[in-house]
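The data block below is input.txt; it holds compact mmCIF, C-alpha atoms and all ligand atoms.
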# COMPACT_ATOMS: atom_id res chain seq x y z
CA MET A 1199 99.28 117.20 108.98
CA PRO A 1200 97.93 117.31 112.54
CA SER A 1201 100.09 116.54 115.50
CA GLY A 1202 99.10 115.85 119.08
CA PRO A 1203 101.07 116.57 122.22
CA ASP A 1204 104.25 114.50 122.15
CA ASN A 1205 103.23 112.37 125.09
CA THR A 1206 100.16 110.90 123.38
CA HIS A 1207 100.91 107.46 121.99
CA VAL A 1208 98.90 106.95 118.80
CA ILE A 1209 97.71 103.42 117.99
CA VAL A 1210 96.06 103.03 114.59
CA PHE A 1211 94.18 99.89 113.50
CA ALA A 1212 94.33 99.60 109.75
CA ASN A 1213 93.85 97.05 107.00
CA GLU A 1214 92.17 97.85 103.72
CA LYS A 1215 90.73 94.36 103.77
CA GLY A 1216 87.33 94.43 105.45
CA GLY A 1217 86.26 92.30 108.40
CA THR A 1218 89.70 91.40 109.72
CA GLY A 1219 89.00 92.43 113.32
CA LYS A 1220 90.18 96.06 113.40
CA SER A 1221 87.21 97.41 115.35
CA THR A 1222 86.92 94.47 117.75
CA THR A 1223 90.61 94.60 118.58
CA ALA A 1224 90.66 98.41 118.82
CA VAL A 1225 87.85 98.42 121.40
CA HIS A 1226 89.50 95.69 123.47
CA VAL A 1227 92.85 97.50 123.46
CA ALA A 1228 91.25 100.86 124.35
CA ILE A 1229 89.33 99.42 127.27
CA ALA A 1230 92.29 97.37 128.52
CA LEU A 1231 94.38 100.56 128.61
CA ALA A 1232 91.61 102.54 130.34
CA ALA A 1233 91.30 99.73 132.90
CA LYS A 1234 94.94 100.28 133.82
CA GLY A 1235 94.09 103.90 134.66
CA ALA A 1236 95.43 105.47 131.47
CA ARG A 1237 93.60 108.34 129.79
CA VAL A 1238 92.36 106.90 126.51
CA ALA A 1239 90.65 108.62 123.60
CA CYS A 1240 89.18 106.76 120.62
CA LEU A 1241 88.71 108.14 117.14
CA ASP A 1242 86.44 106.23 114.78
CA LEU A 1243 87.23 107.04 111.16
CA ASP A 1244 84.65 104.56 109.87
CA HIS A 1245 81.71 106.93 109.90
CA ARG A 1246 79.49 104.48 108.01
CA GLN A 1247 79.78 101.43 110.26
CA ARG A 1248 80.94 103.31 113.36
CA THR A 1249 81.59 100.01 115.16
CA VAL A 1250 83.93 101.46 117.80
CA GLY A 1251 81.64 104.45 118.39
CA ARG A 1252 78.60 102.22 118.74
CA TYR A 1253 80.47 99.73 120.97
CA LEU A 1254 81.42 102.55 123.33
CA ASP A 1255 77.92 104.08 123.20
CA ASN A 1256 76.60 100.68 124.27
CA ARG A 1257 79.13 100.63 127.08
CA ALA A 1258 78.06 104.09 128.28
CA ALA A 1259 74.44 102.87 128.29
CA THR A 1260 75.45 99.79 130.36
CA ILE A 1261 77.20 102.03 132.88
CA LYS A 1262 74.08 104.19 133.13
CA ARG A 1263 71.71 101.23 133.35
CA THR A 1264 73.62 99.18 135.91
CA GLY A 1265 75.40 101.93 137.81
CA GLN A 1266 78.67 100.00 137.51
CA ASP A 1267 81.87 101.97 137.48
CA LEU A 1268 83.55 100.63 134.33
CA PRO A 1269 86.65 102.16 132.73
CA MET A 1270 85.43 104.34 129.86
CA PRO A 1271 87.51 105.92 127.10
CA VAL A 1272 86.31 109.17 125.55
CA HIS A 1273 85.40 108.79 121.88
CA ALA A 1274 84.35 110.63 118.77
CA THR A 1275 83.60 109.75 115.16
CA HIS A 1276 85.06 111.73 112.29
CA THR A 1277 82.17 112.53 109.96
CA ALA A 1278 83.47 115.65 108.19
CA GLN A 1279 85.28 115.61 104.88
CA THR A 1280 87.92 118.29 105.32
CA GLU A 1281 91.52 118.02 106.50
CA ALA A 1282 90.91 121.02 108.77
CA ALA A 1283 88.04 119.30 110.61
CA PHE A 1284 90.09 116.12 110.89
CA GLU A 1285 93.03 118.02 112.37
CA GLU A 1286 90.80 119.79 114.85
CA LEU A 1287 89.19 116.58 116.09
CA TRP A 1288 92.57 114.83 116.26
CA GLY A 1289 93.97 117.69 118.34
CA GLN A 1290 90.96 117.76 120.69
CA LEU A 1291 91.09 114.02 121.33
CA SER A 1292 94.83 113.75 121.80
CA ALA A 1293 95.01 116.71 124.20
CA GLY A 1294 95.36 115.20 127.65
CA ALA A 1295 95.23 111.61 126.40
CA ASP A 1296 97.95 109.08 127.15
CA TYR A 1297 96.76 106.98 124.20
CA LEU A 1298 94.78 107.82 121.09
CA VAL A 1299 93.23 104.67 119.60
CA VAL A 1300 92.15 105.13 115.99
CA ASP A 1301 89.94 102.71 114.06
CA THR A 1302 89.85 102.97 110.28
CA PRO A 1303 87.50 101.61 107.61
CA GLY A 1304 88.25 98.40 105.70
CA ARG A 1305 88.86 100.21 102.42
CA ASP A 1306 91.20 102.83 101.02
CA ASP A 1307 90.43 106.13 102.71
CA PRO A 1308 92.42 109.39 102.70
CA PHE A 1309 91.99 109.99 106.43
CA ALA A 1310 93.05 106.42 107.21
CA ARG A 1311 96.26 107.05 105.25
CA THR A 1312 96.91 110.25 107.19
CA ALA A 1313 96.23 108.45 110.48
CA ALA A 1314 98.62 105.63 109.51
CA ALA A 1315 101.39 108.13 108.86
CA LEU A 1316 100.75 109.72 112.29
CA SER A 1317 100.74 106.45 114.20
CA ASP A 1318 103.34 105.37 116.72
CA THR A 1319 101.99 101.81 116.68
CA LEU A 1320 100.22 100.61 113.54
CA VAL A 1321 98.25 97.43 114.06
CA THR A 1322 97.09 95.37 111.08
CA PRO A 1323 94.82 92.55 112.20
CA MET A 1324 94.37 89.68 109.77
CA ASN A 1325 92.78 86.26 109.72
CA ASP A 1326 94.71 83.07 109.02
CA SER A 1327 93.84 83.15 105.37
CA PHE A 1328 95.84 83.63 102.18
CA VAL A 1329 92.96 85.84 101.02
CA ASP A 1330 93.81 88.30 103.81
CA PHE A 1331 97.53 87.73 103.33
CA ASP A 1332 97.30 88.72 99.66
CA LEU A 1333 97.09 92.42 100.54
CA ILE A 1334 100.48 92.40 102.21
CA GLY A 1335 102.29 89.67 100.29
CA GLN A 1336 102.07 87.12 97.52
CA VAL A 1337 103.07 83.49 97.76
CA ASP A 1338 104.09 80.80 95.34
CA PRO A 1339 101.07 78.51 94.79
CA GLU A 1340 103.13 75.33 95.16
CA THR A 1341 105.71 76.08 97.82
CA TYR A 1342 103.84 78.86 99.71
CA LYS A 1343 107.12 80.80 99.82
CA VAL A 1344 106.70 84.56 99.74
CA THR A 1345 107.42 85.89 96.27
CA ARG A 1346 106.87 89.61 96.83
CA PRO A 1347 105.24 92.17 99.14
CA SER A 1348 101.87 93.51 97.95
CA PHE A 1349 100.43 96.99 97.64
CA TYR A 1350 99.36 97.35 101.25
CA ALA A 1351 102.85 96.59 102.56
CA GLU A 1352 104.13 99.22 100.11
CA LEU A 1353 101.57 101.73 101.35
CA ILE A 1354 102.73 101.22 104.95
CA TRP A 1355 106.32 101.49 103.79
CA ASP A 1356 105.47 104.90 102.32
CA ALA A 1357 103.70 105.95 105.55
CA ARG A 1358 106.84 105.05 107.47
CA LYS A 1359 109.05 107.04 105.12
CA GLN A 1360 106.68 110.00 105.40
CA ARG A 1361 106.84 109.79 109.17
CA ALA A 1362 110.62 109.53 109.27
CA ARG A 1363 110.86 112.63 107.08
CA ALA A 1364 108.31 114.53 109.19
CA ASP A 1365 109.81 114.01 112.64
CA GLY A 1366 112.53 111.38 112.42
CA THR A 1367 110.54 108.79 114.35
CA THR A 1368 109.62 105.26 113.39
CA ILE A 1369 106.28 103.52 113.23
CA ASP A 1370 106.09 100.16 114.98
CA TRP A 1371 104.12 98.07 112.47
CA VAL A 1372 102.48 95.08 114.11
CA VAL A 1373 100.61 92.39 112.18
CA LEU A 1374 98.18 90.76 114.58
CA ARG A 1375 96.70 87.34 113.90
CA ASN A 1376 93.03 87.58 114.78
CA ARG A 1377 90.52 84.76 115.25
CA LEU A 1378 93.23 82.21 115.89
CA GLN A 1379 91.81 78.70 115.89
CA HIS A 1380 92.38 76.50 118.86
CA ILE A 1381 93.10 73.45 116.73
CA GLU A 1382 96.34 73.33 114.81
CA ALA A 1383 95.62 73.26 111.09
CA ARG A 1384 97.85 73.00 108.05
CA ASN A 1385 96.60 76.30 106.65
CA MET A 1386 97.37 78.04 109.95
CA ARG A 1387 100.99 76.84 109.84
CA ARG A 1388 101.38 77.86 106.21
CA VAL A 1389 100.05 81.36 106.85
CA GLN A 1390 102.29 81.65 109.91
CA ASP A 1391 105.38 80.60 107.91
CA ALA A 1392 104.56 83.04 105.12
CA LEU A 1393 104.00 85.85 107.64
CA GLY A 1394 107.32 85.04 109.30
CA GLN A 1395 109.13 85.37 105.97
CA LEU A 1396 107.36 88.59 105.09
CA ALA A 1397 107.93 90.09 108.56
CA LYS A 1398 111.68 89.96 107.99
CA ARG A 1399 111.39 91.32 104.49
CA VAL A 1400 109.14 94.33 105.09
CA GLY A 1401 109.82 94.88 108.79
CA PHE A 1402 106.75 94.19 110.87
CA ARG A 1403 106.33 92.38 114.16
CA LEU A 1404 104.00 89.41 114.22
CA ILE A 1405 101.90 88.91 117.35
CA PRO A 1406 98.98 86.70 118.41
CA GLY A 1407 95.61 88.42 118.79
CA LEU A 1408 92.25 87.23 120.04
CA GLY A 1409 91.18 83.66 119.42
CA GLU A 1410 88.09 82.62 117.50
CA ARG A 1411 85.37 82.91 120.17
CA VAL A 1412 81.65 83.62 120.06
CA ILE A 1413 82.02 85.73 123.20
CA TYR A 1414 83.75 88.50 121.19
CA ARG A 1415 80.59 88.88 119.12
CA GLU A 1416 78.19 88.60 122.04
CA LEU A 1417 79.70 91.37 124.13
CA PHE A 1418 78.94 94.15 121.63
CA PRO A 1419 75.35 95.02 122.69
CA ALA A 1420 76.44 95.63 126.28
CA GLY A 1421 79.72 97.24 125.21
CA LEU A 1422 81.71 94.94 127.50
CA THR A 1423 85.08 93.25 127.13
CA MET A 1424 86.70 90.32 128.86
CA ILE A 1425 88.39 92.52 131.43
CA ASP A 1426 85.11 93.79 132.83
CA ALA A 1427 85.10 90.87 135.23
CA LYS A 1428 82.86 92.54 137.78
CA ALA A 1429 80.14 93.06 135.17
CA PHE A 1430 80.09 89.34 134.35
CA GLY A 1431 79.02 87.78 137.58
CA GLN A 1432 80.46 84.32 137.45
CA MET A 1433 83.20 83.75 134.89
CA GLY A 1434 83.18 80.49 132.93
CA LEU A 1435 86.39 78.74 131.89
CA GLY A 1436 86.04 80.16 128.37
CA HIS A 1437 85.89 83.68 129.80
CA VAL A 1438 89.01 83.15 131.84
CA ALA A 1439 90.89 81.80 128.79
CA ALA A 1440 89.67 84.73 126.68
CA ARG A 1441 90.81 87.22 129.30
CA GLN A 1442 94.20 85.56 129.35
CA GLU A 1443 94.59 85.83 125.57
CA LEU A 1444 93.62 89.51 125.80
CA ARG A 1445 96.35 90.05 128.40
CA GLU A 1446 98.87 88.22 126.21
CA MET A 1447 97.89 90.37 123.24
CA MET A 1448 98.36 93.54 125.31
CA ALA A 1449 101.79 92.34 126.48
CA ALA A 1450 102.83 91.49 122.91
CA LEU A 1451 101.76 94.94 121.68
CA ALA A 1452 104.45 96.30 124.03
CA LEU A 1453 102.98 99.79 124.24
CA PRO A 1454 104.96 102.34 126.24
CA GLU A 1455 103.71 103.22 129.71
CA PRO A 1456 102.34 106.77 129.85
CA ALA A 1457 104.90 109.25 131.15
CA LEU A 1458 102.65 111.37 133.39
CA PRO A 1459 100.56 111.33 135.43
CA LEU A 1460 101.13 108.01 137.11
CA PHE A 1461 98.30 105.53 136.68
CA ALA A 1462 95.42 106.45 138.96
CA ASP A 1463 94.58 102.87 139.90
CA ALA A 1464 97.31 100.69 138.47
CA GLY A 1465 96.57 97.01 138.72
CA ALA A 1466 92.80 97.48 138.76
CA ALA A 1467 92.49 95.11 135.82
N1 LIG B 1501 88.31 87.00 117.73
C1 LIG B 1501 87.09 86.92 117.21
N2 LIG B 1501 86.28 85.86 117.44
C2 LIG B 1501 85.05 85.78 116.89
N3 LIG B 1501 84.52 86.71 116.08
C3 LIG B 1501 85.27 87.80 115.82
C4 LIG B 1501 86.58 87.97 116.35
N4 LIG B 1501 87.09 89.16 115.89
C5 LIG B 1501 86.13 89.69 115.12
N5 LIG B 1501 85.04 88.89 115.06
C6 LIG B 1501 83.81 89.13 114.28
O1 LIG B 1501 84.20 89.30 112.92
C7 LIG B 1501 83.45 90.33 112.29
C8 LIG B 1501 84.42 91.42 111.79
O2 LIG B 1501 85.08 92.00 112.91
P1 LIG B 1501 85.31 93.58 112.98
O3 LIG B 1501 84.06 94.33 112.70
O4 LIG B 1501 86.05 93.86 114.25
O5 LIG B 1501 86.32 93.73 111.74
P2 LIG B 1501 86.77 95.07 110.98
O6 LIG B 1501 88.14 94.79 110.44
O7 LIG B 1501 86.61 96.24 111.87
O8 LIG B 1501 85.72 95.12 109.79
P3 LIG B 1501 85.50 96.35 108.77
O9 LIG B 1501 86.65 96.29 107.82
O10 LIG B 1501 84.19 96.02 108.11
O11 LIG B 1501 85.48 97.60 109.59
C9 LIG B 1501 82.47 90.82 113.35
O12 LIG B 1501 81.27 90.10 113.18
C10 LIG B 1501 83.13 90.43 114.66
O13 LIG B 1501 82.20 90.24 115.72
MG MG B 1502 85.53 98.02 111.53

Please express what this file holds, its structure, as structure tokens.
Amino acid sequence: MPSGPDNTHVIVFANEKGGTGKSTTAVHVAIALAAKGARVACLDLDHRQRTVGRYLDNRAATIKRTGQDLPMPVHATHTAQTEAAFEELWGQLSAGADYLVVDTPGRDDPFARTAAALSDTLVTPMNDSFVDFDLIGQVDPETYKVTRPSFYAELIWDARKQRARADGTTIDWVVLRNRLQHIEARNMRRVQDALGQLAKRVGFRLIPGLGERVIYRELFPAGLTMIDAKAFGQMGLGHVAARQELREMMAALALPEPALPLFADAGAA
């Protein structure tokens, strides 16, 4: 199993359910950290879709085209099939990085499992839907009370045990509610209640993620995020609100500050 230098904080985005917002959230977190002056490396394990890789390629092209000095994480996509190649790439990316941000495919994948076991923070984005919820827990159809954890919660449980055995450390498992609606709905409350029950039972933290906004889909071709204020020109009210929810998500993730070196331009965001 590969291991990076101890001072690299590994954040893995994982959910075997597809389309829950792993890649979108991963890119936003990586860029928000880079904007604070941290050294950020991204590893895309989804070599078919390569959303994070393509997002950051688009960003590099925007920087080149406009000459703007935007915070830019380094990134690579894992395309090989061997453990040895995976370990090598993992080592290269984590060397000198304060944070390694790893995106994984929305399906069972051996490298995603390894990455989960190596994570310090494991983020599972999900939508407010019992279809998404079903992977981590089952509910009673009449009362919506949680009846039992599902296979994905068990898989993470195993990853945590594996990690504790390997180096005695714990994985901070965070379930992040993506695409939150701005109007209060009955389904939203039910999913929230069920998540609250399950959080206590299987030991994850529940945090709010990005809201449901078209802007998160529109920014992909230019590789921008809400914190790239200077690339936006004038910011509309929606942009300001979106930037605020991104900041709240970052605060709720409660990632450790990098030990050394001190942030180059702290507060730039
Ligand atoms: N907060 C949001 N608001 C609006 N659209 C969103 C939001 N988050 C994600 N999306 C859209 O939802 C779709 C799925 O998001 P994304 O690709 O990030 O999920 P994923 O979990 O990485 O998917 P996969 O499992 O296929 O890799 C994309 O079209 C994305 O633009
Ligand atoms: Mg993805």

Handout entry: Contacts with ligand MG 1502 (chain B) at most 8 Å, all atoms listed in the file counted, listed as a PyMOL selection string
Key = chain A and resi 1216-1217+1219-1222+1244+1247-1250+1301-1304

Around all listed atoms of ligand LIG 1501 (chain B), padded 5 Å per side, what centre and edge lengths does the axis-aligned box have in Å to one decimal, as JSON?
{"center_x": 84.8, "center_y": 91.7, "center_z": 112.8, "size_x": 17.0, "size_y": 21.8, "size_z": 19.9}

Handout entry: Using only C-alpha atoms and all ligand atoms: which of A:Gln1442, A:Ser1348, A:Gln1266, A:Asn1376 has the shortest distance to ligand LIG 1501 (chain B)
Key =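 Going through A:Gln1442, A:Ser1348, A:Gln1266, A:Asn1376 one by one, the smallest distance to ligand LIG 1501 (chain B) is for A:Asn1376.
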
Completion exercise
Closest of A:Val1373, A:Ala1449, A:Ala1224, A:Val1210 to ligand LIG 1501 (chain B), counting only C-alpha atoms and all ligand atoms, is A:Ala1224

Exercise for the section: Find the residue from A:Val1225, A:Met1386, A:Ala1236, A:Ala1314 that sits nearest to ligand LIG 1501 (chain B); use all atoms listed in the file when measuring. Expected result: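 For ligand LIG 1501 (chain B), the nearest of the candidates is A:Val1225.
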
Practice task
Give as a ChimeraX atom specification each residue that has an atom at most 10 Å from (90.9, 100.8, 130.5) in the file, counting only C-alpha atoms.
Solution key: /A:1225-1238,1268-1271,1425-1426,1466-1467

Handout entry: Straight-line distance linking atom CA of Asn1385 of chain A with atom CA of Leu1435 of chain A, stated in Å to one decimal
Key =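 Pair atom CA of Asn1385 of chain A / atom CA of Leu1435 of chain A returns 27.3 Å.
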
Exercise for the section: Please provide as an NGL selection string all residues within 12 Å of Leu1393 of chain A, with the sequence filter that same-chain residues fewer than 4 positions apart are discarded (counting only C-alpha atoms). Expected result: :A and (1324-1328 or 1330-1337 or 1342-1347 or 1351 or 1372-1375 or 1386-1389 or 1397-1406)

Exercise for the section: Provide the atom CA of Ala1315 of chain A to atom CA of Ser1292 of chain A distance in Å, to one decimal place. Expected result: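 Separation of atom CA of Ala1315 of chain A and atom CA of Ser1292 of chain A: 15.6 Å.
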
Problem - Distance in Å - atom O11 of ligand LIG 1501 (chain B) versus atom CA of Val1272 of chain A - result: 19.7 Å

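Ranking A:Gln1379, A:Thr1260, A:Asn1213, A:Asn1205 by their shortest atom-to-atom distance to Ala1420 of chain A, with only C-alpha atoms included, puts A:Thr1260 first.
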
Handout entry: Selected residue, from A:Gln1432, A:Thr1423, A:Gln1395, A:Thr1312, that lies nearest to ligand LIG 1501 (chain B) when counting only C-alpha atoms and all ligand atoms
Key =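 Ranking A:Gln1432, A:Thr1423, A:Gln1395, A:Thr1312 by distance to ligand LIG 1501 (chain B), first place goes to A:Thr1423.
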
Practice task
Please identify all polymer residues lying at most 8 Å from the point (79.3, 100.0, 123.2) (file coordinates), using only C-alpha atoms, and present the result as a ChimeraX atom specification.
Solution key: /A:1250-1259,1418-1422

Handout entry: Nearest to ligand LIG 1501 (chain B), chosen from A:Met1448, A:Gly1409, A:Lys1262, A:Pro1454, with only C-alpha atoms and all ligand atoms counted in the distances
Key =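 Closest candidate: A:Gly1409.
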